[in-house]
>>> print(open('run.cif').read())   # mmCIF, C-alpha atoms
data_input
loop_
_atom_site.label_atom_id
_atom_site.label_comp_id
_atom_site.auth_asym_id
_atom_site.auth_seq_id
_atom_site.Cartn_x
_atom_site.Cartn_y
_atom_site.Cartn_z
CA MET A 1 15.62 -4.38 11.55
CA GLU A 2 13.16 -5.24 14.30
CA THR A 3 12.93 -2.65 17.09
CA GLY A 4 10.57 -4.49 19.40
CA ARG A 5 7.37 -6.46 19.86
CA THR A 6 4.26 -5.15 21.57
CA GLY A 7 2.47 -8.46 21.95
CA GLY A 8 -0.50 -7.08 20.03
CA ARG A 9 -1.17 -5.21 16.79
CA PRO A 10 0.77 -1.92 16.58
CA LEU A 11 -0.68 0.91 14.47
CA GLY A 12 0.32 4.56 14.95
CA LEU A 13 3.87 5.43 16.04
CA GLU A 14 5.36 8.62 17.47
CA VAL A 15 9.08 9.13 18.18
CA LEU A 16 9.63 10.80 21.56
CA PRO A 17 12.50 13.23 22.33
CA ASP A 18 14.33 10.55 24.35
CA GLY A 19 14.26 8.11 21.40
CA ARG A 20 11.52 5.90 22.74
CA LEU A 21 8.37 5.22 20.72
CA LEU A 22 4.75 5.86 21.49
CA VAL A 23 2.81 2.94 20.07
CA CYS A 24 -0.93 2.72 19.57
CA ASP A 25 -1.67 -0.97 19.78
CA ALA A 26 -5.14 -1.86 18.51
CA GLU A 27 -5.34 -4.81 20.91
CA ARG A 28 -3.49 -3.60 24.00
CA GLY A 29 -3.81 0.19 24.14
CA LEU A 30 -1.34 3.06 24.38
CA LEU A 31 2.22 1.83 24.89
CA ARG A 32 5.75 3.19 25.16
CA LEU A 33 8.52 1.10 23.67
CA ASP A 34 12.27 1.33 24.14
CA PRO A 35 13.94 0.35 20.83
CA ASP A 36 17.16 -0.44 22.73
CA GLY A 37 15.33 -3.06 24.71
CA LYS A 38 16.56 -1.75 28.07
CA GLN A 39 13.14 -0.73 29.37
CA GLY A 40 10.98 -3.00 27.22
CA VAL A 41 7.33 -2.14 26.61
CA GLU A 42 5.46 0.05 29.09
CA MET A 43 1.68 0.25 29.31
CA LEU A 44 0.55 3.89 29.47
CA ALA A 45 -3.21 3.41 29.12
CA ASP A 46 -5.46 0.43 28.42
CA SER A 47 -8.78 2.16 29.13
CA VAL A 48 -10.48 5.53 28.93
CA ALA A 49 -13.63 6.70 30.74
CA GLY A 50 -13.96 3.23 32.26
CA ALA A 51 -13.96 1.42 28.90
CA PRO A 52 -11.14 -0.72 27.45
CA LEU A 53 -9.19 0.80 24.57
CA ARG A 54 -10.70 -1.40 21.88
CA PHE A 55 -9.13 0.22 18.83
CA CYS A 56 -6.28 2.58 19.79
CA SER A 57 -5.16 4.13 16.51
CA ASN A 58 -2.75 7.11 16.46
CA ALA A 59 -0.93 9.36 18.92
CA VAL A 60 1.09 12.57 19.14
CA ALA A 61 3.05 14.00 22.08
CA ALA A 62 3.13 17.65 23.13
CA SER A 63 6.23 19.41 24.43
CA ASP A 64 5.06 19.01 28.05
CA GLY A 65 4.70 15.24 27.67
CA THR A 66 0.94 15.22 27.24
CA VAL A 67 -0.17 12.56 24.76
CA TYR A 68 -3.17 13.02 22.48
CA PHE A 69 -4.43 9.82 20.93
CA THR A 70 -7.38 8.50 18.95
CA VAL A 71 -9.68 5.53 19.33
CA SER A 72 -11.14 4.67 15.93
CA SER A 73 -14.16 2.77 17.21
CA ARG A 74 -15.67 1.68 20.49
CA ARG A 75 -17.94 -0.78 18.70
CA HIS A 76 -15.59 -2.70 16.39
CA GLY A 77 -12.00 -3.85 16.63
CA LEU A 78 -9.27 -3.64 14.00
CA GLY A 79 -10.27 -6.95 12.41
CA ASP A 80 -13.73 -5.54 11.70
CA TRP A 81 -12.82 -1.97 10.74
CA LEU A 82 -14.88 -2.14 7.54
CA SER A 83 -18.07 -2.68 9.54
CA ASP A 84 -17.48 0.57 11.37
CA ILE A 85 -17.02 2.44 8.09
CA VAL A 86 -20.16 0.88 6.58
CA GLU A 87 -22.36 1.31 9.66
CA HIS A 88 -21.27 4.95 9.87
CA GLN A 89 -21.88 5.29 13.59
CA PRO A 90 -19.86 8.03 15.37
CA THR A 91 -18.16 5.95 18.05
CA GLY A 92 -14.59 7.24 17.63
CA LEU A 93 -12.94 9.62 20.06
CA LEU A 94 -9.94 11.81 20.84
CA ALA A 95 -8.36 11.28 24.24
CA ARG A 96 -5.60 12.89 26.30
CA LEU A 97 -3.11 11.40 28.73
CA VAL A 98 -1.33 13.88 31.02
CA PRO A 99 1.91 12.61 32.60
CA GLY A 100 1.04 10.92 35.88
CA GLY A 101 -2.71 11.06 35.16
CA ASP A 102 -5.42 8.91 33.68
CA ALA A 103 -6.63 9.00 30.09
CA GLU A 104 -9.62 11.30 29.54
CA VAL A 105 -11.95 11.88 26.60
CA LEU A 106 -11.64 15.25 24.83
CA LEU A 107 -13.87 14.71 21.78
CA ASP A 108 -16.52 12.04 21.39
CA GLY A 109 -18.80 11.10 18.50
CA LEU A 110 -16.12 11.06 15.79
CA GLN A 111 -16.48 9.07 12.57
CA PHE A 112 -13.63 6.54 12.74
CA ALA A 113 -11.06 8.82 14.43
CA ASN A 114 -7.67 8.12 12.92
CA GLY A 115 -4.61 10.35 12.37
CA VAL A 116 -3.82 13.09 14.89
CA ALA A 117 -1.41 16.04 14.81
CA LEU A 118 -0.64 19.18 16.83
CA ALA A 119 -0.39 22.71 15.49
CA PRO A 120 3.18 24.06 15.31
CA ASP A 121 2.48 26.23 18.38
CA GLU A 122 0.38 23.48 20.00
CA SER A 123 -2.64 25.78 20.07
CA PHE A 124 -4.86 23.05 18.65
CA VAL A 125 -4.97 19.36 17.86
CA THR A 126 -6.35 18.02 14.58
CA VAL A 127 -7.96 14.62 14.02
CA ALA A 128 -8.67 12.82 10.75
CA GLU A 129 -12.19 11.39 10.62
CA THR A 130 -11.85 8.61 8.06
CA GLY A 131 -15.55 7.80 7.98
CA ALA A 132 -16.59 11.40 7.25
CA ARG A 133 -13.74 12.50 4.91
CA ARG A 134 -12.93 15.49 7.11
CA LEU A 135 -10.57 16.91 9.72
CA ALA A 136 -11.79 17.90 13.17
CA ARG A 137 -9.96 20.49 15.27
CA LEU A 138 -9.98 21.05 19.03
CA TRP A 139 -8.54 24.33 20.32
CA LEU A 140 -6.24 23.87 23.31
CA THR A 141 -5.24 27.48 24.03
CA GLY A 142 -6.47 30.99 23.28
CA PRO A 143 -9.99 32.44 23.35
CA ASP A 144 -11.47 29.34 21.68
CA ALA A 145 -9.87 26.83 24.06
CA GLY A 146 -12.18 23.86 24.52
CA CYS A 147 -14.12 24.57 21.32
CA HIS A 148 -13.97 22.35 18.26
CA ASP A 149 -14.69 22.89 14.58
CA THR A 150 -14.14 21.36 11.14
CA PRO A 151 -11.32 23.10 9.24
CA ALA A 152 -11.39 20.66 6.30
CA ASP A 153 -14.54 18.97 5.01
CA ASP A 154 -15.38 16.97 1.88
CA LEU A 155 -11.79 15.82 1.30
CA PRO A 156 -11.11 14.03 -2.04
CA GLY A 157 -10.61 10.74 -0.22
CA SER A 158 -10.75 9.03 3.17
CA PRO A 159 -8.07 10.51 5.46
CA ASP A 160 -5.93 8.13 7.47
CA ASN A 161 -2.75 9.06 9.31
CA MET A 162 -1.36 12.59 9.24
CA SER A 163 1.78 14.46 10.25
CA ARG A 164 3.01 18.02 10.45
CA SER A 165 4.66 19.43 7.32
CA PRO A 166 7.75 21.68 7.48
CA GLY A 167 5.64 24.49 6.00
CA GLY A 168 3.52 24.61 9.13
CA GLY A 169 0.55 22.65 7.80
CA PHE A 170 -0.17 18.95 7.71
CA TRP A 171 0.33 16.02 5.37
CA VAL A 172 -2.72 13.76 5.21
CA ALA A 173 -2.71 10.26 3.74
CA LEU A 174 -5.83 9.39 1.75
CA ALA A 175 -6.34 5.66 2.09
CA SER A 176 -9.03 5.45 -0.59
CA PRO A 177 -10.75 7.76 -3.08
CA ARG A 178 -14.33 8.94 -2.78
CA THR A 179 -16.71 6.02 -3.31
CA PRO A 180 -20.21 7.06 -4.49
CA PRO A 181 -21.89 3.76 -3.43
CA LEU A 182 -20.49 4.17 0.10
CA GLU A 183 -21.60 7.80 0.22
CA TRP A 184 -25.09 6.70 -0.81
CA LEU A 185 -25.05 4.01 1.87
CA HIS A 186 -24.10 6.55 4.54
CA ARG A 187 -27.32 8.41 3.74
CA ALA A 188 -29.43 5.27 4.11
CA ALA A 189 -31.28 4.24 7.26
CA PRO A 190 -29.20 2.73 10.09
CA ARG A 191 -30.89 -0.67 9.68
CA VAL A 192 -29.79 -0.75 6.03
CA ARG A 193 -26.21 0.05 6.94
CA ARG A 194 -26.18 -2.63 9.63
CA ALA A 195 -27.53 -5.20 7.17
CA VAL A 196 -24.89 -4.36 4.57
CA ALA A 197 -22.16 -4.53 7.23
CA ALA A 198 -23.37 -7.99 8.27
CA VAL A 199 -23.12 -9.19 4.67
CA ALA A 200 -19.69 -7.58 4.21
CA ARG A 201 -18.35 -9.46 7.24
CA ARG A 202 -18.98 -12.75 5.43
CA LEU A 203 -17.17 -11.70 2.27
CA PRO A 204 -13.44 -11.43 1.51
CA PRO A 205 -11.95 -7.98 2.17
CA PRO A 206 -12.48 -5.68 -0.83
CA PRO A 207 -9.43 -4.77 -2.92
CA ALA A 208 -7.84 -1.38 -2.34
CA LEU A 209 -9.08 1.26 -4.77
CA GLY A 210 -6.91 3.72 -6.69
CA GLY A 211 -3.23 4.47 -6.24
CA ALA A 212 -1.21 6.51 -3.76
CA ARG A 213 -2.75 9.84 -2.85
CA VAL A 214 -1.80 12.42 -0.22
CA VAL A 215 -2.71 16.06 0.37
CA GLU A 216 -1.02 18.85 2.24
CA VAL A 217 -3.35 21.23 4.08
CA ASP A 218 -2.50 24.50 5.80
CA THR A 219 -3.54 25.42 9.34
CA TYR A 220 -6.83 26.74 7.96
CA GLY A 221 -7.65 23.33 6.44
CA ARG A 222 -7.14 24.44 2.83
CA VAL A 223 -5.58 21.91 0.47
CA VAL A 224 -2.35 23.49 -0.82
CA ARG A 225 -0.85 20.45 -2.51
CA GLU A 226 -2.08 17.09 -3.77
CA LEU A 227 0.13 14.25 -4.96
CA ARG A 228 -0.89 11.04 -6.71
CA GLY A 229 0.96 7.95 -7.79
CA ARG A 230 0.39 4.52 -9.25
CA GLY A 231 1.30 1.06 -8.08
CA TYR A 232 1.13 1.76 -4.34
CA ARG A 233 -2.27 1.18 -2.78
CA MET A 234 -4.08 2.26 0.37
CA VAL A 235 -1.67 4.85 1.74
CA SER A 236 -2.21 4.85 5.49
CA GLY A 237 0.71 7.01 6.66
CA VAL A 238 2.77 9.94 5.40
CA ALA A 239 5.71 11.93 6.79
CA GLU A 240 8.15 14.39 5.23
CA TYR A 241 11.90 14.09 5.81
CA GLU A 242 14.68 16.02 4.06
CA GLY A 243 12.59 16.90 1.03
CA ARG A 244 11.05 13.48 0.55
CA LEU A 245 7.80 11.91 1.62
CA ALA A 246 7.74 8.49 3.26
CA LEU A 247 4.52 6.58 2.63
CA GLY A 248 3.18 3.59 4.52
CA SER A 249 0.38 1.25 3.51
CA LEU A 250 -1.85 -1.46 4.95
CA GLN A 251 -1.74 -3.28 1.61
CA GLU A 252 1.87 -3.02 0.52
CA GLY A 253 4.91 -4.78 1.98
CA ALA A 254 7.31 -1.85 1.80
CA VAL A 255 7.68 1.85 2.52
CA ALA A 256 7.48 4.13 -0.54
CA TRP A 257 9.39 7.37 -1.07
CA CYS A 258 8.36 10.44 -3.06
CA ASP A 259 10.84 13.17 -4.01
CA LEU A 260 9.26 16.58 -3.42
CA SER A 261 11.80 18.60 -5.42
CA GLY A 262 10.12 20.41 -8.28
CA ARG A 263 6.67 19.87 -6.79
CA PRO A 264 5.57 23.33 -5.66
CA SER A 265 2.48 23.89 -3.58
CA ARG A 266 -0.39 25.88 -4.99
#
>>> encode(input="run.cif", output="structure tokens")
Amino acid sequence: METGRTGGRPLGLEVLPDGRLLVCDAERGLLRLDPDGKQGVEMLADSVAGAPLRFCSNAVAASDGTVYFTVSSRRHGLGDWLSDIVEHQPTGLLARLVPGGDAEVLLDGLQFANGVALAPDESFVTVAETGARRLARLWLTGPDAGCHDTPADDLPGSPDNMSRSPGGGFWVALASPRTPPLEWLHRAAPRVRRAVAAVARRLPPPPALGGARVVEVDTYGRVVRELRGRGYRMVSGVAEYEGRLALGSLQEGAVAWCDLSGRPSR
């Protein structure tokens, strides 16, 4: 069933308490959509810090209505996402939109900022850096408010979207496994990476590697559970509901389900 059209390319979704949807549209920006069609599509932000939202990716809403959202790249758009990964330039960011205000940058210099999630008590916000295989954390309250750190580094794959788990941690979708040639390329000189990206733009998109893979991390960034599956490629989203995981993908034409019963965490 179709719930609406944004007029662009929708990516991350967040269900709001009133039933409306936050939509990160890679072409238009941060939107709010009424699935009932009564209020249509509302533009919340199409720029941040004076620059257009070129690649709005994922969003999460706090209890006070504040929206935290990511911009994957300020250099490349969705159609050229692979170039951003290959060039390995930290042009992603985390932004905040306070009700009635303008979007502002909270964290800059992120490696392909992607999934975003709030702590259960909203004391911090966590961002998946796809290009660096890590999670970044910005403290919002407490003695470390305004500081940021890296609770999870060297993940077993490239993190994409993420969501809060009922256990208080986070589910993280791993879109692809570790790729040694790409890791080698990230250590090469910038001119080498740019040259490889230019060649890659003229080639067909590479096939997705590996099967489904997701991890659950606790609030300290420790992996407490890892699930793998076959026949479902490039998992880009994950959410738990009533003891099952729903998986989304950029490659597949359907949503996959995984029964969590009998799958204890570590």
>>> residues_around(input="run.cif", residues="Pro156 in chain A", least_positions_apart="5", cutoff="9 Å", atoms="only C-alpha atoms", output="list in words")
Arg133, Leu174, Ser176, Pro177, Arg178 and Val215 of chain A
>>> residues_around(input="run.cif", residues="Asp64 in chain A", least_positions_apart="2", cutoff="9 Å", atoms="only C-alpha atoms", output="list in words")
Ala61, Ala62, Thr66, Val67, Val98 and Pro99 of chain A
>>> residues_around(input="run.cif", residues="Ser163 in chain A", least_positions_apart="6", cutoff="12 Å", atoms="all atoms listed in the file", output="PyMOL selection string")
chain A and resi 12-14+58-61+114-120+125-128+169-173+214-218+236-241+245-247
>>> closest_residue(input="run.cif", among="A:Ser57, A:Gln111, A:Ser72, A:Thr3", to="Leu135 in chain A", atoms="all atoms listed in the file")
A:Gln111
>>> closest_residue(input="run.cif", among="A:Gly211, A:Glu129, A:Glu2, A:Leu107", to="Gly37 in chain A", atoms="all atoms listed in the file")
A:Glu2
>>> atom_distance(input="run.cif", atom1="CA of Gly7 in chain A", atom2="CA of Gly40 in chain A")
11.4 Å
>>> residues_around(input="run.cif", residues="Leu110 in chain A", least_positions_apart="3", cutoff="12 Å", atoms="all atoms listed in the file", output="PyMOL selection string")
chain A and resi 70-74+84-85+88-95+105-107+113-114+127-137+148-150
>>> atom_distance(input="run.cif", atom1="CA of Leu16 in chain A", atom2="CA of Val48 in chain A")
22.1 Å
>>> resolve_selection(input="run.cif", expression="the PyMOL selection byres ((chain A and resi 33) around 9)", output="PyMOL selection string")
chain A and resi 3-6+20-23+31-32+34-37+39-43
>>> resolve_selection(input="run.cif", expression="the PyMOL selection byres ((chain A and resi 140-144) around 8)", output="ChimeraX atom specification")
/A:122-125,138-139,145-147
>>> write_last_selection(input="run.cif", atoms="C-alpha atoms", output="PDB file, keeping the file's coordinate frame")
ATOM      1  CA  GLU A 122       0.380  23.480  20.000  1.00  0.00           C
ATOM      2  CA  SER A 123      -2.640  25.780  20.070  1.00  0.00           C
ATOM      3  CA  PHE A 124      -4.860  23.050  18.650  1.00  0.00           C
ATOM      4  CA  VAL A 125      -4.970  19.360  17.860  1.00  0.00           C
ATOM      5  CA  LEU A 138      -9.980  21.050  19.030  1.00  0.00           C
ATOM      6  CA  TRP A 139      -8.540  24.330  20.320  1.00  0.00           C
ATOM      7  CA  ALA A 145      -9.870  26.830  24.060  1.00  0.00           C
ATOM      8  CA  GLY A 146     -12.180  23.860  24.520  1.00  0.00           C
ATOM      9  CA  CYS A 147     -14.120  24.570  21.320  1.00  0.00           C
TER      10      CYS A 147
END
